[in-house]
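Just input-v3.txt here, compact mmCIF, C-alpha atoms:
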```txt
# COMPACT_ATOMS: atom_id res chain seq x y z
CA MET A 68 10.05 -8.71 37.92
CA THR A 69 13.16 -9.88 39.74
CA THR A 70 14.77 -13.26 39.12
CA VAL A 71 13.65 -14.48 42.54
CA GLN A 72 10.06 -13.41 41.87
CA ALA A 73 10.17 -15.07 38.46
CA LEU A 74 11.25 -18.34 40.09
CA ARG A 75 8.52 -18.02 42.70
CA THR A 76 5.96 -17.40 39.95
CA PHE A 77 7.15 -20.46 38.05
CA LEU A 78 6.83 -22.54 41.22
CA PHE A 79 3.35 -21.15 41.79
CA TYR A 80 2.18 -22.17 38.33
CA LEU A 81 3.77 -25.59 38.69
CA LEU A 82 2.00 -26.23 42.00
CA LEU A 83 -1.31 -24.77 40.80
CA SER A 84 -1.41 -26.75 37.56
CA SER A 85 -0.38 -29.97 39.29
CA SER A 86 -2.99 -29.58 42.00
CA SER A 87 -5.74 -28.72 39.51
CA PHE A 88 -4.96 -31.78 37.37
CA PHE A 89 -5.07 -34.27 40.23
CA TRP A 90 -7.93 -32.48 41.98
CA CYS A 91 -10.13 -32.53 38.89
CA ILE A 92 -9.47 -36.22 38.27
CA LEU A 93 -10.34 -37.01 41.89
CA CYS A 94 -13.50 -34.90 41.79
CA VAL A 95 -14.80 -36.47 38.58
CA PHE A 96 -15.05 -39.79 40.43
CA ILE A 97 -16.06 -38.58 43.91
CA ALA A 98 -18.26 -35.52 43.31
CA PRO A 99 -21.16 -37.34 41.56
CA LEU A 100 -21.72 -39.29 44.78
CA LEU A 101 -22.20 -36.14 46.88
CA PRO A 102 -25.15 -33.74 47.29
CA PHE A 103 -24.68 -30.39 45.55
CA ARG A 104 -23.53 -28.33 48.54
CA ALA A 105 -20.94 -30.90 49.64
CA ARG A 106 -19.89 -31.27 46.00
CA TYR A 107 -19.33 -27.52 45.75
CA ARG A 108 -17.25 -27.47 48.90
CA LEU A 109 -15.08 -30.31 47.63
CA VAL A 110 -14.67 -29.33 43.99
CA VAL A 111 -14.65 -25.54 44.12
CA GLN A 112 -14.34 -24.07 47.58
CA ALA A 113 -11.44 -26.20 48.77
CA TRP A 114 -9.43 -25.92 45.55
CA CYS A 115 -10.05 -22.20 45.04
CA ALA A 116 -9.10 -21.52 48.65
CA SER A 117 -5.88 -23.47 48.08
CA ALA A 118 -5.19 -21.38 44.95
CA THR A 119 -5.45 -18.08 46.84
CA TRP A 120 -3.34 -19.61 49.63
CA LEU A 121 -0.64 -20.61 47.13
CA ALA A 122 -0.70 -17.11 45.67
CA LYS A 123 -0.14 -15.68 49.14
CA VAL A 124 2.56 -18.09 50.28
CA VAL A 125 4.49 -18.58 47.04
CA VAL A 126 4.27 -15.24 45.22
CA GLY A 127 3.28 -12.93 48.07
CA ILE A 128 -0.21 -11.88 46.90
CA ARG A 129 -2.19 -11.17 50.04
CA TYR A 130 -5.60 -9.58 50.42
CA GLU A 131 -7.74 -7.51 52.74
CA VAL A 132 -11.55 -7.45 52.67
CA ARG A 133 -13.72 -4.51 53.70
CA GLY A 134 -17.48 -4.33 53.85
CA LEU A 135 -18.21 -7.76 55.30
CA GLU A 136 -21.14 -6.21 57.16
CA ASN A 137 -22.80 -5.50 53.78
CA ILE A 138 -23.20 -9.17 52.84
CA PRO A 139 -26.89 -10.14 53.08
CA GLU A 140 -27.96 -13.27 54.89
CA THR A 141 -29.56 -14.77 51.79
CA PRO A 142 -27.95 -15.19 48.33
CA CYS A 143 -28.37 -12.51 45.69
CA VAL A 144 -26.68 -11.37 42.46
CA ILE A 145 -23.03 -10.34 42.77
CA LEU A 146 -21.73 -7.72 40.32
CA ALA A 147 -17.95 -7.78 40.57
CA LYS A 148 -15.13 -5.89 38.91
CA HIS A 149 -13.09 -8.14 36.64
CA GLN A 150 -9.33 -7.58 36.31
CA SER A 151 -7.67 -10.96 36.70
CA THR A 152 -8.09 -14.64 37.47
CA TRP A 153 -7.49 -14.05 41.18
CA GLU A 154 -10.98 -12.73 41.94
CA THR A 155 -12.55 -15.78 40.30
CA PHE A 156 -10.67 -18.00 42.75
CA PHE A 157 -11.36 -15.73 45.71
CA LEU A 158 -15.09 -15.17 45.14
CA SER A 159 -15.71 -18.85 44.38
CA ALA A 160 -14.19 -19.78 47.74
CA PHE A 161 -15.71 -16.89 49.68
CA PHE A 162 -19.36 -17.24 48.64
CA GLU A 163 -20.79 -20.75 48.97
CA PRO A 164 -22.38 -22.15 46.96
CA LEU A 165 -21.84 -19.88 43.98
CA SER A 166 -22.88 -20.22 40.36
CA GLN A 167 -21.07 -18.09 37.84
CA VAL A 168 -21.35 -17.23 34.18
CA VAL A 169 -18.68 -19.08 32.19
CA LYS A 170 -17.87 -19.67 28.55
CA ARG A 171 -19.57 -22.81 27.30
CA GLU A 172 -16.31 -24.05 25.77
CA LEU A 173 -14.78 -24.51 29.22
CA LEU A 174 -17.09 -27.44 29.92
CA PHE A 175 -15.48 -29.42 27.11
CA VAL A 176 -11.99 -29.33 28.67
CA PRO A 177 -11.14 -32.85 29.87
CA PHE A 178 -11.45 -33.34 33.64
CA PHE A 179 -11.50 -29.59 34.45
CA GLY A 180 -14.58 -28.92 32.37
CA TRP A 181 -16.23 -32.17 33.44
CA ALA A 182 -15.74 -31.26 37.11
CA MET A 183 -17.06 -27.73 36.49
CA ALA A 184 -20.18 -29.07 34.75
CA MET A 185 -21.25 -30.76 38.00
CA LEU A 186 -21.38 -27.39 39.78
CA ARG A 187 -24.35 -25.91 37.93
CA PRO A 188 -22.56 -23.05 36.17
CA ILE A 189 -24.36 -20.81 33.71
CA ALA A 190 -22.44 -21.81 30.59
CA ILE A 191 -23.21 -19.34 27.81
CA ASP A 192 -22.33 -18.98 24.14
CA ARG A 193 -20.70 -15.55 23.96
CA SER A 194 -21.06 -15.49 20.19
CA ASN A 195 -24.85 -15.24 20.63
CA PRO A 196 -25.48 -12.37 23.09
CA LYS A 197 -29.28 -12.42 22.89
CA ALA A 198 -29.49 -16.13 23.63
CA ALA A 199 -26.89 -15.72 26.39
CA LEU A 200 -28.97 -13.03 28.11
CA LYS A 201 -32.06 -15.22 28.00
CA GLN A 202 -30.08 -18.14 29.40
CA LEU A 203 -28.67 -15.96 32.20
CA ALA A 204 -32.19 -14.82 33.14
CA LYS A 205 -33.63 -18.35 33.15
CA GLN A 206 -30.79 -20.33 34.72
CA GLY A 207 -29.74 -17.52 37.06
CA ASN A 208 -33.24 -17.43 38.54
CA GLU A 209 -33.13 -21.23 38.94
CA ARG A 210 -29.77 -21.09 40.74
CA ILE A 211 -31.00 -18.43 43.14
CA LYS A 212 -34.08 -20.48 43.97
CA GLN A 213 -31.72 -23.39 44.69
CA GLY A 214 -29.94 -21.25 47.28
CA ALA A 215 -26.84 -20.26 45.30
CA TRP A 216 -25.22 -16.87 44.85
CA VAL A 217 -24.95 -15.85 41.20
CA LEU A 218 -21.69 -14.16 40.19
CA VAL A 219 -21.76 -11.89 37.16
CA PHE A 220 -18.80 -9.94 35.82
CA PRO A 221 -20.82 -7.20 34.09
CA GLU A 222 -17.83 -5.97 32.07
CA GLY A 223 -17.84 -9.39 30.39
CA THR A 224 -14.06 -9.79 30.32
CA ARG A 225 -10.97 -8.86 32.30
CA ILE A 226 -10.25 -5.13 32.10
CA PRO A 227 -6.76 -3.81 32.96
CA PRO A 228 -6.28 -1.62 36.06
CA GLY A 229 -7.03 2.02 35.42
CA GLN A 230 -9.86 1.18 33.04
CA ILE A 231 -13.49 0.16 33.43
CA GLY A 232 -15.76 -1.54 30.93
CA LYS A 233 -19.39 -0.78 30.25
CA PHE A 234 -21.67 -2.82 32.49
CA SER A 235 -24.01 -5.22 30.73
CA ARG A 236 -27.54 -5.14 32.16
CA GLY A 237 -27.80 -8.94 32.40
CA GLY A 238 -26.96 -9.15 36.10
CA ALA A 239 -29.18 -6.21 37.05
CA ALA A 240 -32.03 -7.65 34.98
CA LEU A 241 -31.68 -10.99 36.74
CA ALA A 242 -31.85 -9.30 40.14
CA VAL A 243 -34.84 -7.12 39.28
CA ASN A 244 -36.82 -9.97 37.75
CA ALA A 245 -36.06 -12.21 40.75
CA GLY A 246 -36.96 -9.45 43.22
CA LEU A 247 -33.46 -9.47 44.72
CA PRO A 248 -30.75 -6.87 45.30
CA VAL A 249 -27.31 -6.77 43.73
CA LEU A 250 -24.09 -6.83 45.75
CA PRO A 251 -21.32 -4.78 44.07
CA ILE A 252 -17.66 -5.66 44.62
CA ALA A 253 -14.56 -3.67 43.70
CA HIS A 254 -10.89 -4.63 43.97
CA ASN A 255 -7.43 -4.07 42.48
CA ALA A 256 -6.30 -7.67 41.86
CA GLY A 257 -5.07 -6.79 38.37
CA GLU A 258 -2.25 -4.70 39.83
CA PHE A 259 -0.64 -7.86 41.24
CA TRP A 260 -2.06 -10.56 38.94
CA PRO A 261 -2.15 -8.87 35.51
CA LYS A 262 -4.45 -9.94 32.71
CA GLN A 263 -1.60 -10.17 30.22
CA GLY A 264 1.49 -12.34 30.65
CA TRP A 265 2.43 -14.73 33.41
CA ALA A 266 4.10 -12.30 35.85
CA LYS A 267 2.85 -12.05 39.44
CA TYR A 268 3.79 -9.23 41.81
CA PRO A 269 3.74 -9.31 45.63
CA GLY A 270 1.39 -6.97 47.44
CA THR A 271 -1.97 -6.72 49.16
CA ILE A 272 -5.17 -6.78 47.13
CA GLN A 273 -7.92 -4.53 48.44
CA VAL A 274 -11.39 -6.09 48.13
CA VAL A 275 -14.33 -3.83 48.93
CA ILE A 276 -17.84 -5.25 49.26
CA GLY A 277 -20.43 -2.54 48.72
CA PRO A 278 -23.90 -2.05 50.17
CA VAL A 279 -26.70 -4.13 48.67
CA MET A 280 -28.63 -2.18 46.06
CA HIS A 281 -32.33 -2.67 45.48
CA ALA A 282 -34.16 -1.68 42.33
CA GLU A 283 -36.64 1.15 42.51
CA GLY A 284 -39.56 -0.46 40.73
CA THR A 285 -39.63 -3.00 37.92
CA GLY A 286 -39.15 -3.08 34.18
CA PRO A 287 -36.40 -1.80 31.85
CA ARG A 288 -36.04 1.60 33.52
CA ALA A 289 -35.53 0.06 36.95
CA ILE A 290 -32.97 -2.35 35.50
CA ALA A 291 -31.05 0.44 33.78
CA GLU A 292 -31.09 2.62 36.91
CA LEU A 293 -29.90 -0.20 39.16
CA ASN A 294 -27.14 -1.08 36.70
CA GLU A 295 -25.99 2.55 36.54
CA ARG A 296 -25.92 2.79 40.35
CA ALA A 297 -23.79 -0.35 40.58
CA PHE A 298 -21.45 0.96 37.87
CA ALA A 299 -21.10 4.33 39.61
CA TRP A 300 -20.30 2.70 42.96
CA VAL A 301 -17.70 0.35 41.47
CA SER A 302 -16.11 3.17 39.46
CA GLU A 303 -15.91 5.46 42.50
CA THR A 304 -14.57 2.70 44.74
CA GLN A 305 -11.94 1.72 42.15
CA GLN A 306 -10.72 5.31 42.28
CA GLN A 307 -10.55 5.19 46.08
CA ILE A 308 -8.57 1.92 45.99
CA SER A 309 -6.08 2.86 43.28
CA GLY A 310 -6.04 6.63 43.57
CA VAL A 311 -6.84 7.08 39.88
CA ALA A 312 -10.23 7.50 38.24
CA PRO A 313 -10.78 4.50 35.92
CA GLN A 314 -11.05 5.43 32.25
CA PRO A 315 -13.51 3.82 29.82
CA CYS A 316 -11.99 0.84 28.01
CA PRO A 317 -12.37 0.39 24.25
CA PRO A 318 -15.96 -0.68 23.49
CA ASP A 319 -14.90 -3.83 21.65
CA SER A 320 -13.05 -5.13 24.75
CA ALA A 321 -16.19 -6.10 26.66
CA SER A 322 -18.78 -8.79 26.24
CA ALA A 323 -22.51 -8.30 25.90
CA VAL A 324 -23.27 -10.48 28.92
```
This entry written out as structure tokens:
Amino acid sequence: MTTVQALRTFLFYLLLSSSSFFWCILCVFIAPLLPFRARYRLVVQAWCASATWLAKVVVGIRYEVRGLENIPETPCVILAKHQSTWETFFLSAFFEPLSQVVKRELLFVPFFGWAMAMLRPIAIDRSNPKAALKQLAKQGNERIKQGAWVLVFPEGTRIPPGQIGKFSRGGAALAVNAGLPVLPIAHNAGEFWPKQGWAKYPGTIQVVIGPVMHAEGTGPRAIAELNERAFAWVSETQQQISGVAPQPCPPDSASAV
């Protein structure tokens, strides 16, 4: 990373952290007075959109989206590739309202966690995978009935570019049990916003929204088959985006949810 890019990255983090601090304080006092959809637009959509805008303007991380025609009219379960923090910002601003699976510990962070708690996330305990899967099934179904998209990163954690983690069946199970399709999403954000370190690199992120996938039947076999189809599409699309077939990541790098 050049000296100029390092300075731009420092400025980006300074602006992002400052905006998040003041935004969270403001939202803690204003958001409780608003209905959920307006609350989401204020707390999440506006701030996440500003984060992706800062990334574009300050450090030169742009993006292109393909497959907009594949987005269904009604919310469903989103199964997205996870490489960086960028896609969390982008997807939270793009799909509205959206409920995502987060670590329970995040809700205890002063102001940030308090603001997040008002947005109906699915806050799980990753140390207890069985309980987390049950919670995802129960609360995910509730969020969908409330008209929210449910975002699941089936790899469970951020996986570096060129690798792909095993997909947990939690998201597919939620979709099958709710009678809804899954919407797979692939991208290469990790090439410009790496998982490790603080460096940011200019370039254009390719985001590809796949066709909705419906389960063929019900029960464990249908869940496994749907999950495998989503995994195969994401893996193939990652190869098309980056030009390299993603390799399996170490099994201990992914979460069970």
In Å to one decimal, how far is atom CA of Trp216 of chain A from atom CA of Phe89 of chain A?
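Spanning atom CA of Phe89 of chain A to atom CA of Trp216 of chain A is a straight-line distance of 27.0 Å.
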Neighbouring residues of Glu163 of chain A were defined as those with any atom within 8 Å, considering all atoms listed in the file; residues of the same chain fewer than 2 positions away were excluded. Please report them as a list in words.
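Near neighbours after the sequence-gap exclusion: Tyr107, Arg108, Gln112, Ser159, Ala160, Phe161, Leu165, Ala215 and Trp216 of chain A.
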Can you tell me which residues surround Ile189 of chain A at a distance of at most 10 Å, considering only C-alpha atoms, apart from same-chain residues fewer than 5 positions away, and format the answer as a count of residues only?
18
Can you tell me how far atom CA of Pro196 of chain A sits from atom CA of Phe234 of chain A, in Å to one decimal?
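Computed distance, atom CA of Pro196 of chain A to atom CA of Phe234 of chain A, equals 13.9 Å.
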Long-range neighbours of Thr141 of chain A as a PDB file with C-alpha atoms, in the coordinates of the input, 12 Å cut-off, all atoms listed in the file, 5 positions minimum in chain:
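Ended up saving to selection.pdb:
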```pdb
ATOM      1  CA  PHE A 162     -19.360 -17.240  48.640  1.00  0.00           C
ATOM      2  CA  GLU A 163     -20.790 -20.750  48.970  1.00  0.00           C
ATOM      3  CA  PRO A 164     -22.380 -22.150  46.960  1.00  0.00           C
ATOM      4  CA  ILE A 211     -31.000 -18.430  43.140  1.00  0.00           C
ATOM      5  CA  LYS A 212     -34.080 -20.480  43.970  1.00  0.00           C
ATOM      6  CA  GLN A 213     -31.720 -23.390  44.690  1.00  0.00           C
ATOM      7  CA  GLY A 214     -29.940 -21.250  47.280  1.00  0.00           C
ATOM      8  CA  ALA A 215     -26.840 -20.260  45.300  1.00  0.00           C
ATOM      9  CA  TRP A 216     -25.220 -16.870  44.850  1.00  0.00           C
ATOM     10  CA  VAL A 217     -24.950 -15.850  41.200  1.00  0.00           C
ATOM     11  CA  LEU A 247     -33.460  -9.470  44.720  1.00  0.00           C
ATOM     12  CA  PRO A 248     -30.750  -6.870  45.300  1.00  0.00           C
ATOM     13  CA  VAL A 249     -27.310  -6.770  43.730  1.00  0.00           C
ATOM     14  CA  LEU A 250     -24.090  -6.830  45.750  1.00  0.00           C
ATOM     15  CA  VAL A 279     -26.700  -4.130  48.670  1.00  0.00           C
TER      16      VAL A 279
END
```
Taking 6 positions as the minimum chain separation for residues in the same chain, which residues sit within 9 Å of Pro228 of chain A when counting all atoms listed in the file? Answer as JSON, numbers by chain.
{"A": [150, 255, 256, 257, 258, 261, 305, 309, 313]}
Restricting the calculation to only C-alpha atoms: of A:Ile272, A:Met185, A:Val124, A:Ala147, which residue gets closest to Pro102 of chain A?
A:Met185
Shell of 9 Å around Gln72 of chain A, all atoms listed in the file, local chain residues under 2 positions omitted, as a PDB file with C-alpha atoms, in the coordinates of the input:
```pdb
ATOM      1  CA  MET A  68      10.050  -8.710  37.920  1.00  0.00           C
ATOM      2  CA  THR A  69      13.160  -9.880  39.740  1.00  0.00           C
ATOM      3  CA  THR A  70      14.770 -13.260  39.120  1.00  0.00           C
ATOM      4  CA  LEU A  74      11.250 -18.340  40.090  1.00  0.00           C
ATOM      5  CA  ARG A  75       8.520 -18.020  42.700  1.00  0.00           C
ATOM      6  CA  THR A  76       5.960 -17.400  39.950  1.00  0.00           C
ATOM      7  CA  PHE A  77       7.150 -20.460  38.050  1.00  0.00           C
ATOM      8  CA  VAL A 126       4.270 -15.240  45.220  1.00  0.00           C
ATOM      9  CA  ALA A 266       4.100 -12.300  35.850  1.00  0.00           C
ATOM     10  CA  LYS A 267       2.850 -12.050  39.440  1.00  0.00           C
ATOM     11  CA  TYR A 268       3.790  -9.230  41.810  1.00  0.00           C
ATOM     12  CA  PRO A 269       3.740  -9.310  45.630  1.00  0.00           C
TER      13      PRO A 269
END
```
Please, what distance in Å, to one decimal, runs between atom CA of Val275 of chain A and atom CA of Arg133 of chain A?
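We find that atom CA of Val275 of chain A and atom CA of Arg133 of chain A lie 4.9 Å from each other.
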Return the single residue from A:Ile231, A:Ile191, A:Ile145, A:Ala242 that is closest to Ser302 of chain A, with distances computed using only C-alpha atoms.
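For Ser302 of chain A, the nearest of the given residues is A:Ile231.
Between Pro287 of chain A and the candidates A:Ser194, A:Trp120, A:Thr271, A:Ala240, the tightest atom-to-atom separation, counting all atoms listed in the file, involves A:Ala240.
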Counting only C-alpha atoms, figure out which residue out of A:Ser85, A:Gln307, A:Gln314, A:Thr119 gets nearest to Thr152 of chain A.
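Of all the options, A:Thr119 lies closest to Thr152 of chain A.
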Using all atoms listed in the file, which of A:Phe156, A:Pro142, A:Ile308, A:Phe175 sits nearest Asn208 of chain A?
A:Pro142
Taking into account only C-alpha atoms, which residue in the set A:Val176, A:Ile252, A:Met280, A:Ala245 is nearest to Phe88 of chain A?
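Between A:Val176, A:Ile252, A:Met280, A:Ala245, the residue approaching Phe88 of chain A most closely is A:Val176.
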